[in-house]
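Asker: Mind looking over this structure? Questions follow.
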Amino acid sequence: MKLALYPGCLMPTEQYAYEMSIRETLPLMGVEIVDLPGFSCCGEPLKSINQMLTLHMSARNLSIADREGIDLLVPCPMCHLALSEAKNILDGNGEMKKRINAKLREEGLEYIGKQRLFHIIDLVHDEIGLDTIRERVKKTLPDLNMAAHYGCHILRPSEMGRPVDSENPRKMEAILLSLGVRSEDYAEKLDCCGGPLLPNHPETSLAKTGQKLQAVSEQGFDGMVLACPWCQKMFDSKQTKAAESVGSRAHVPVLYLTQLMGLAFGIDDAKLGLNLNLSPVDDLGLKGEVE
Amino acid sequence: MERIGVFVCHCGINISSMVDVESIVERVRELDGVVEAKSYKYMCSDRGAQIIKKSIEEKGIDGAVIACCSPRMHEPTFRGVAEDGGMNPFTVEIANIREQCSWAHDSRERSTEKAMKLVMSSVAKARLLEPLERGRTPVIPNALVIGGGIAGIQASLDLANEGFRVYLVEKDPSIGGRMAQLDKTFPTLDCSSCILTPKMMEVYHHPNIDLMTYSEVLSIEGSIGDYRVKVRRKPRYVDVDRCTGCGDCVTACRMRDRIPDEFNMGLSNRSAIYIQFPQAIPLKAVMDSETCLFHRFGKCGDGPLCVEACEAEAIDFEQKEEVAELNVGAIVVATGYDLLDPASLHEYGYSRSKNVITTLELERLISSSGPTKGEVRLPSSGERPRSVTMIMCVGSRDETQCSWCCRIGCMTALKQVILLRENLGEEVEINILYTDIRSFGKGYEEFYRNVRAENTNFFRGRPSEVRIRNEDIRIDIFDTITNKLFEIRTDMVVLVPAVVPRADSGEFARMMNLSRSGDGFLLEAHLKLKPMDTFVNGIFIAGCCQGPKDITDTVAQASGAASRAAGILSKKELENDPLIAVVDADLCSGCRICISLCPYSAIEPVVETMAGEEVVHAEINEVLCQGCGACVAACPSGAINQMGFKDNQILAMIGVLNDCSDAGGLK
Amino acid sequence: MSITDMTSMAEAQSDLRSEINKRLERLILGVSDYCYQCAKCTSGCESHKLLELEPHQIVALLKRGLIDEMVNSEIIWTCMSCFKCKERCPQKVPPVDILFALKNLTVLTGKQVPGDYTQMLQSVMSIGYIQDRQTVPTRSGDTVKREDLGLPVLSGLQDPNGFQNIITASAVEKI
Ligand SMILES: Cc1cc2nc3c(=O)[nH]c(=O)nc-3n(C[C@H](O)[C@H](O)[C@H](O)COP(=O)(O)OP(=O)(O)OC[C@H]3O[C@@H](n4cnc5c(N)ncnc54)[C@H](O)[C@@H]3O)c2cc1C
Ligand code: SF4
Ligand code: SF4
């Protein structure tokens, strides 16, 4: 299977560990990653400024996939939502499609809408399959109970066709289980990380992150697993500040699903960017087992 | 009776856990007249029934005491078993040792003692019971339907199609009721007359229906299966056999356009002679003697113009009121409803501005046969309203007016939003001021949702002030959704008034001997289980006379009432319960106390000449009497006895309970 | 004829209301008028407990046509765009998308845009991404760049100037 990696903004400019672990693990599962030139922001972060801009930007990226005739791997849920929504609008409203295509033509592009979008979770769960995962597992991970955090945009709005069930998502848990890691349900599973508020309400944004971290640590989870660069930024990179903002001393190891997969596949942790996680991932005893 | 069987039930362990059943069986076996005593786990089961029947067959018992649960549960069961087994069903006596013993007490010993006494007292009574026979009344296979709205129409058609003769009595000149006044109907928006007129025609042409319009019931006598009803037929002053319904007289009338037209809710005027509405059934003119000049003053110009205009020579000033006497076996009452006069909420301005109207008036304005030929216009100026504001629950759910929900107001207002937009175009502003929207029927919520998308402004709250300055109407409304006070300036206000009983419903109910609920609507025998029955056997109710309802529910109830009535009419004769009160004419002093007490009006005074002297005594109609016993207890002469509860029978029981050892001649 | 908020004396802005409704329609996002004020959206709003955003009130004010009141308020900028309101709404009303519409309206009327949005916009205009490659810390206390990590070169825009021109037009275009 060949997929073009649509990087988005956050992953290739600061959430390097996500990109590293994706590039390391996917080839092991038979996915060839292709890098295409010309991609840009999906426009979603600018939706508050002007949604027309968002629509144009998303359509632009989709049309690059159309031009190359290749399906996209979109590891960022926010990008995934933006592109899905653009597809939904353009496929559903012919007028709008004409308007946008007029703009795209200036760059020599055209939106057709034939290419499919994948996020990591549905790619692994639905396309690659859990059997393949189980086959690839080389190392026995320690007995862990990890809280799965999906991130809002991979869940909702289901109307746009999301990769997982919006109210009772189970795919990440299933993947974790095939790696030998437990993931119990918890009441706050669907709660937001607070990330989108960072540009204009940073304190509140951090408080939101802190609340969820606290809930996770109170319930005795060993850590959190996620698949969103924004959420990772909040829960991992900003963990200390976030916890402080709610007066909590939460100490929660947070890592990308692809990092955990890489570790189970026996990939060297440096290649998975584990050193870039700022949360106390060492507490999980992963490195010891693997090395 | 002389050969009594006693049957004691364990009721699983319901009785036997607190009552020593076997000791009762042992004890009663020794009583005088008892030839059989048995116990069984479930006396009411088929096996239990076999035990009783076997005793009838083998031991020849002619009376039975069943010690079990309350007679409200299984008395009919055991009477049936006895009858099946060949015994008289009315010599069965129930001793309630469950509700009154095992369930009521926590000492097994004392509970058993009490049960023992109850059973023994029942035996004492059973010894004095007499076999009774059910009376029989023949059924007159005709029905009377009162009220010719959609409920009455439906009931009449159902009954007539079953083959019964139906007299349909309608007080107005035409049948149709309120539904005839409506434009389109929720939730399907079919045109009201398009679905109603065919039914009205069917009534008119049905060979089994005698349509009596412009008529009213005067009195009613008799009882289920055989009612005698007097109907007053008001004179139309038009010979209906000649009248062709052409309307020439209406156009000719000197009083033309001078009398407020009731059908159009006073929004237009009619003549003194008129046809109620274009689709009227029967399509015959009717002369309103109160406004006709000839009737009032004995002269109308040089001569009545109607007479001149009528080519069919149908005008007949000599017509007199007639009284028809009908004999019917069952009656369906379908007299419908009124709307609250919104003037009673002065703050809403109904009596202060012509442009404040009711939903029913709006129906007439929207209707193409209405006063404005279907153009919605301001009553004050004839101009198109640019903004219409509807106030819901006017007098409904209001402890100062009507505490109940009118059940049709929300849907009516929502429907009218659609009709107003059809009529006035998309740009008309429509505001709805509501407390809750109740859209409970099939398809109703979906209808409401569509109306929400019609750019309608919904304000949640009740206005308290409608300020009127000439054409300028301003309403203050605190909207509890946004928590803000708004001022709405609007051209026209439509009030959604409460649904109330017909103005004459009190009088009518008294005449028919029907009860009313606290709200004034006719009372059903059981709100859930007997919604079409009344407390008078053989009289059923349907439609809005029982309470507010939409057309769907009205028609369902009407068909239900018709089928309940058909159940009676299809029998040749009815059996009457013999457990009724009986007057001993010799003892009766004719004081009439019982007559005033009887809730079923079953007692009448009878005058007889005895030895040349006129004496009055009470007589009880065995069909009407429900055996409630009120008269029995009240009679100062002790002249009334209740079958199955005769004084000697009751006294025997009391005797036993008083002292087991000697009373009632027990061993 | 007229509906006036007696506290602010504001009149209903029906044209703006229908403009927003048309926008929702064009983007196939739902019909705001279906809202029956159950407030399920607010019960679950991720932002409500912390910042008092009341999505149901946003919809109510839209339905009343009190648009300015919202455009002038900071509250519309408190949405976390978690999409829970839209997802759970029993009437398929999208409060979150109404909020985007209101924010867009605010920007178009030239009001000050709060937070870092302008900066992100500028960055997108020039390099296509909301930010350039960052130097990030490691858990062991060092800092690293993208280039240090063996990741391929991030391919930028092929024609930055052309891109900028085309995109600028969209940034001020109404839906
Ligand atoms: C403005 C408005 C709009 C409505 N719109 C709808 C709608 O769109 N859809 C819907 O489902 N429902 C609607 N309804 C409700 C509908 O009118 C009633 O459900 C229906 O008319 C009830 O029928 P009925 O036969 O019980 O009563 P009525 O229609 O009131 O008929 C009773 C009949 O009995 C006659 N009568 C009364 N007393 C006597 C007497 N003593 N002797 C002889 N005759 C007598 C009356 O003259 C009348 O003809 C609306 C109601 C209103 C007020
Ligand atoms: S937007 Fe939806 S969830 Fe919110 S109040 Fe309206 S109907 Fe309820
Ligand atoms: S999307 Fe915004 S308004 Fe909707 S629930 Fe989330 S934070 Fe609240």
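Identifiers in this document derive from the order of the structure tokens: chains are assigned A, B, ..., residues are numbered from 1 separately in each chain, and ligands are numbered from 1 in order of occurrence.
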Residues of chain A within 6 Å of chain C, counting only C-alpha atoms, what are they? List them as a list in words.

Answerer: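 Result, ordered by chain then number: Cys9, Thr13, Glu14, Pro37, Gly38, Ser40, Cys41, Ser48, Ile49, Asn50, Met52, Leu53, Ile89, Cys152, Arg156, Pro157, Pro196, Leu197, Pro199, Asn200, Asn275, Leu276 and Leu278 of chain A.
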
Asker: For the residues in that selection, give me N, CA and C atoms as a PDB file, in the first residue's frame.

Answerer:
ATOM      1  N   CYS A   9       0.755  21.189   9.702  1.00  0.00           N
ATOM      2  CA  CYS A   9       1.711  22.187  10.204  1.00  0.00           C
ATOM      3  C   CYS A   9       2.472  21.726  11.428  1.00  0.00           C
ATOM      4  N   THR A  13       6.762  20.662  12.110  1.00  0.00           N
ATOM      5  CA  THR A  13       7.506  21.822  12.606  1.00  0.00           C
ATOM      6  C   THR A  13       7.844  21.732  14.083  1.00  0.00           C
ATOM      7  N   GLU A  14       7.199  20.804  14.827  1.00  0.00           N
ATOM      8  CA  GLU A  14       7.613  20.634  16.220  1.00  0.00           C
ATOM      9  C   GLU A  14       7.317  19.262  16.803  1.00  0.00           C
ATOM     10  N   PRO A  37       5.557  17.206  -3.084  1.00  0.00           N
ATOM     11  CA  PRO A  37       5.861  18.614  -2.902  1.00  0.00           C
ATOM     12  C   PRO A  37       4.582  19.457  -2.949  1.00  0.00           C
ATOM     13  N   GLY A  38       4.628  20.627  -2.306  1.00  0.00           N
ATOM     14  CA  GLY A  38       3.581  21.619  -2.518  1.00  0.00           C
ATOM     15  C   GLY A  38       2.477  21.675  -1.474  1.00  0.00           C
ATOM     16  N   SER A  40       0.436  22.475   1.954  1.00  0.00           N
ATOM     17  CA  SER A  40       0.457  23.609   2.889  1.00  0.00           C
ATOM     18  C   SER A  40      -0.498  23.311   4.031  1.00  0.00           C
ATOM     19  N   CYS A  41      -0.665  24.282   4.887  1.00  0.00           N
ATOM     20  CA  CYS A  41      -1.614  24.176   6.021  1.00  0.00           C
ATOM     21  C   CYS A  41      -2.990  23.811   5.490  1.00  0.00           C
ATOM     22  N   SER A  48     -11.468  30.415  12.243  1.00  0.00           N
ATOM     23  CA  SER A  48     -12.101  31.517  12.970  1.00  0.00           C
ATOM     24  C   SER A  48     -11.941  32.834  12.227  1.00  0.00           C
ATOM     25  N   ILE A  49     -10.886  32.934  11.435  1.00  0.00           N
ATOM     26  CA  ILE A  49     -10.658  34.170  10.676  1.00  0.00           C
ATOM     27  C   ILE A  49     -11.562  34.193   9.451  1.00  0.00           C
ATOM     28  N   ASN A  50     -11.509  33.129   8.684  1.00  0.00           N
ATOM     29  CA  ASN A  50     -12.386  33.049   7.524  1.00  0.00           C
ATOM     30  C   ASN A  50     -12.452  31.615   7.027  1.00  0.00           C
ATOM     31  N   MET A  52     -13.775  30.537   4.414  1.00  0.00           N
ATOM     32  CA  MET A  52     -13.538  30.437   2.978  1.00  0.00           C
ATOM     33  C   MET A  52     -12.067  30.085   2.742  1.00  0.00           C
ATOM     34  N   LEU A  53     -11.226  30.714   3.549  1.00  0.00           N
ATOM     35  CA  LEU A  53      -9.795  30.452   3.476  1.00  0.00           C
ATOM     36  C   LEU A  53      -9.519  28.973   3.803  1.00  0.00           C
ATOM     37  N   ILE A  89     -18.260  19.397   1.714  1.00  0.00           N
ATOM     38  CA  ILE A  89     -18.879  20.604   1.169  1.00  0.00           C
ATOM     39  C   ILE A  89     -18.780  20.605  -0.361  1.00  0.00           C
ATOM     40  N   CYS A 152     -10.631  15.332  19.867  1.00  0.00           N
ATOM     41  CA  CYS A 152     -11.985  15.672  19.396  1.00  0.00           C
ATOM     42  C   CYS A 152     -12.179  15.443  17.906  1.00  0.00           C
ATOM     43  N   ARG A 156     -15.318  13.665  16.066  1.00  0.00           N
ATOM     44  CA  ARG A 156     -16.500  14.456  15.715  1.00  0.00           C
ATOM     45  C   ARG A 156     -16.165  15.448  14.612  1.00  0.00           C
ATOM     46  N   PRO A 157     -17.103  15.962  13.898  1.00  0.00           N
ATOM     47  CA  PRO A 157     -18.503  15.521  13.875  1.00  0.00           C
ATOM     48  C   PRO A 157     -18.666  14.283  12.998  1.00  0.00           C
ATOM     49  N   PRO A 196      -7.218  23.909  21.183  1.00  0.00           N
ATOM     50  CA  PRO A 196      -7.659  24.977  20.281  1.00  0.00           C
ATOM     51  C   PRO A 196      -7.768  26.342  20.944  1.00  0.00           C
ATOM     52  N   LEU A 197      -7.812  26.370  22.272  1.00  0.00           N
ATOM     53  CA  LEU A 197      -7.940  27.665  22.948  1.00  0.00           C
ATOM     54  C   LEU A 197      -6.582  28.314  23.179  1.00  0.00           C
ATOM     55  N   PRO A 199      -4.272  29.732  21.355  1.00  0.00           N
ATOM     56  CA  PRO A 199      -3.938  31.035  20.781  1.00  0.00           C
ATOM     57  C   PRO A 199      -4.533  32.221  21.536  1.00  0.00           C
ATOM     58  N   ASN A 200      -5.736  32.082  22.078  1.00  0.00           N
ATOM     59  CA  ASN A 200      -6.332  33.278  22.681  1.00  0.00           C
ATOM     60  C   ASN A 200      -6.720  33.153  24.145  1.00  0.00           C
ATOM     61  N   ASN A 275      12.997  10.473  23.080  1.00  0.00           N
ATOM     62  CA  ASN A 275      13.676  11.481  23.872  1.00  0.00           C
ATOM     63  C   ASN A 275      12.992  12.849  23.774  1.00  0.00           C
ATOM     64  N   LEU A 276      12.104  12.988  22.752  1.00  0.00           N
ATOM     65  CA  LEU A 276      11.417  14.279  22.571  1.00  0.00           C
ATOM     66  C   LEU A 276      10.173  14.394  23.449  1.00  0.00           C
ATOM     67  N   LEU A 278       8.391  15.008  26.666  1.00  0.00           N
ATOM     68  CA  LEU A 278       8.846  15.676  27.888  1.00  0.00           C
ATOM     69  C   LEU A 278       8.201  15.090  29.133  1.00  0.00           C
TER      70      LEU A 278
END

Asker: Which residues come within 6 Å of stretch 421-431 of chain B, counting only C-alpha atoms, excluding same-chain residues fewer than 4 positions away, as a list in words?

Answerer: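 So the residues in contact are Arg386, Ser387, Val388, Thr389, Thr456, Asn457 and Phe458 of chain B.
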
Asker: Go ahead and save the picked residues with N, CA and C atoms, as a CSV table (one decimal), in the first residue's frame.

Answerer:
chain,number,residue,atom,x,y,z
B,386,ARG,N,-48.5,42.9,7.7
B,386,ARG,CA,-47.1,42.6,7.5
B,386,ARG,C,-46.5,41.7,8.6
B,387,SER,N,-47.1,41.8,9.7
B,387,SER,CA,-46.6,41.0,10.8
B,387,SER,C,-47.8,40.5,11.6
B,388,VAL,N,-47.8,39.2,11.9
B,388,VAL,CA,-48.8,38.5,12.7
B,388,VAL,C,-48.2,37.9,13.9
B,389,THR,N,-48.8,38.1,15.1
B,389,THR,CA,-48.3,37.6,16.3
B,389,THR,C,-49.3,36.7,17.0
B,456,THR,N,-39.8,31.4,11.6
B,456,THR,CA,-40.8,31.9,12.6
B,456,THR,C,-40.1,32.3,13.8
B,457,ASN,N,-40.5,33.4,14.5
B,457,ASN,CA,-39.9,33.8,15.7
B,457,ASN,C,-40.6,33.2,16.9
B,458,PHE,N,-40.0,32.3,17.6
B,458,PHE,CA,-40.6,31.7,18.8
B,458,PHE,C,-40.1,32.4,20.0

Asker: Ligand 2: which residues are within 9 Å, counting only C-alpha atoms and all ligand atoms? Reply as a ChimeraX atom specification.

Answerer: /C:32-44,54-60,85-95

Asker: Pull out every residue of chain B sitting within 8 Å of chain C, counting only C-alpha atoms, and send them as a PyMOL selection string.

Answerer: chain B and resi 386-387+429+449-450+452-455+457+481-482+484-491

Asker: Include N, CA and C atoms and write out the residues we just selected as a JSON list (two decimals), in the first residue's frame.

Answerer:
[["chain", "number", "residue", "atom", "x", "y", "z"],
["B", 386, "ARG", "N", -48.52, 42.89, 7.74],
["B", 386, "ARG", "CA", -47.10, 42.62, 7.47],
["B", 386, "ARG", "C", -46.51, 41.74, 8.56],
["B", 387, "SER", "N", -47.14, 41.81, 9.72],
["B", 387, "SER", "CA", -46.64, 41.02, 10.84],
["B", 387, "SER", "C", -47.83, 40.46, 11.63],
["B", 429, "GLU", "N", -43.88, 38.59, 8.65],
["B", 429, "GLU", "CA", -43.21, 38.23, 9.91],
["B", 429, "GLU", "C", -44.21, 37.52, 10.81],
["B", 449, "ARG", "N", -41.32, 20.74, 13.61],
["B", 449, "ARG", "CA", -39.94, 20.98, 13.18],
["B", 449, "ARG", "C", -39.91, 21.74, 11.86],
["B", 450, "ASN", "N", -40.80, 21.36, 10.97],
["B", 450, "ASN", "CA", -40.84, 22.08, 9.69],
["B", 450, "ASN", "C", -41.21, 23.54, 9.89],
["B", 452, "ARG", "N", -40.62, 25.31, 12.49],
["B", 452, "ARG", "CA", -39.47, 26.01, 13.07],
["B", 452, "ARG", "C", -38.54, 26.51, 11.98],
["B", 453, "ALA", "N", -38.43, 25.73, 10.92],
["B", 453, "ALA", "CA", -37.52, 26.12, 9.86],
["B", 453, "ALA", "C", -38.11, 27.19, 8.97],
["B", 454, "GLU", "N", -39.38, 27.58, 9.24],
["B", 454, "GLU", "CA", -40.03, 28.56, 8.40],
["B", 454, "GLU", "C", -39.71, 29.99, 8.82],
["B", 455, "ASN", "N", -38.58, 30.17, 9.50],
["B", 455, "ASN", "CA", -38.20, 31.53, 9.84],
["B", 455, "ASN", "C", -39.20, 32.19, 10.78],
["B", 457, "ASN", "N", -40.53, 33.38, 14.46],
["B", 457, "ASN", "CA", -39.89, 33.80, 15.71],
["B", 457, "ASN", "C", -40.64, 33.22, 16.89],
["B", 481, "ILE", "N", -36.08, 32.41, 26.94],
["B", 481, "ILE", "CA", -34.97, 31.75, 26.25],
["B", 481, "ILE", "C", -33.74, 32.64, 26.25],
["B", 482, "THR", "N", -33.94, 33.89, 25.92],
["B", 482, "THR", "CA", -32.80, 34.80, 25.89],
["B", 482, "THR", "C", -32.71, 35.62, 27.17],
["B", 484, "LYS", "N", -34.61, 38.11, 28.01],
["B", 484, "LYS", "CA", -34.67, 39.51, 27.61],
["B", 484, "LYS", "C", -36.12, 39.92, 27.43],
["B", 485, "LEU", "N", -36.36, 41.19, 27.69],
["B", 485, "LEU", "CA", -37.68, 41.74, 27.40],
["B", 485, "LEU", "C", -37.67, 42.30, 25.98],
["B", 486, "PHE", "N", -38.63, 41.87, 25.19],
["B", 486, "PHE", "CA", -38.74, 42.40, 23.83],
["B", 486, "PHE", "C", -40.04, 43.17, 23.68],
["B", 487, "GLU", "N", -39.99, 44.15, 22.82],
["B", 487, "GLU", "CA", -41.24, 44.78, 22.40],
["B", 487, "GLU", "C", -41.48, 44.37, 20.96],
["B", 488, "ILE", "N", -42.64, 43.78, 20.72],
["B", 488, "ILE", "CA", -42.99, 43.38, 19.36],
["B", 488, "ILE", "C", -44.04, 44.36, 18.85],
["B", 489, "ARG", "N", -43.76, 44.95, 17.71],
["B", 489, "ARG", "CA", -44.81, 45.77, 17.05],
["B", 489, "ARG", "C", -45.37, 44.93, 15.93],
["B", 490, "THR", "N", -46.67, 44.84, 15.92],
["B", 490, "THR", "CA", -47.28, 43.89, 15.00],
["B", 490, "THR", "C", -48.60, 44.44, 14.48],
["B", 491, "ASP", "N", -49.07, 43.89, 13.35],
["B", 491, "ASP", "CA", -50.32, 44.38, 12.76],
["B", 491, "ASP", "C", -51.54, 43.63, 13.27]]

Asker: Distance limit 7 Å, reference ligand 1, atoms considered: only C-alpha atoms and all ligand atoms. Which residues make the cut? Give them as number ranges by chain.

Answerer: B: 146-152, 169-172, 175-179, 182, 184-187, 215-217, 334-339, 359-360, 363, 408, 412, 415, 502, 508, 542-545, 549-552, 554

Asker: Can you tell me which residues surround stretch 244-250 of chain B at a distance of at most 9 Å, considering only C-alpha atoms, apart from same-chain residues fewer than 4 positions away, and format the answer as number ranges by chain?

Answerer: B: 240, 256, 270-275, 282-285, 305-312, 314-315

Asker: Might you pull out every residue within 6 Å of B:Leu340, with only C-alpha atoms counted and same-chain residues fewer than 3 positions away left off, and present them as a list in words?

Answerer: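 Result of the neighbour search: Pro497, Ala498 and Val500 of chain B.
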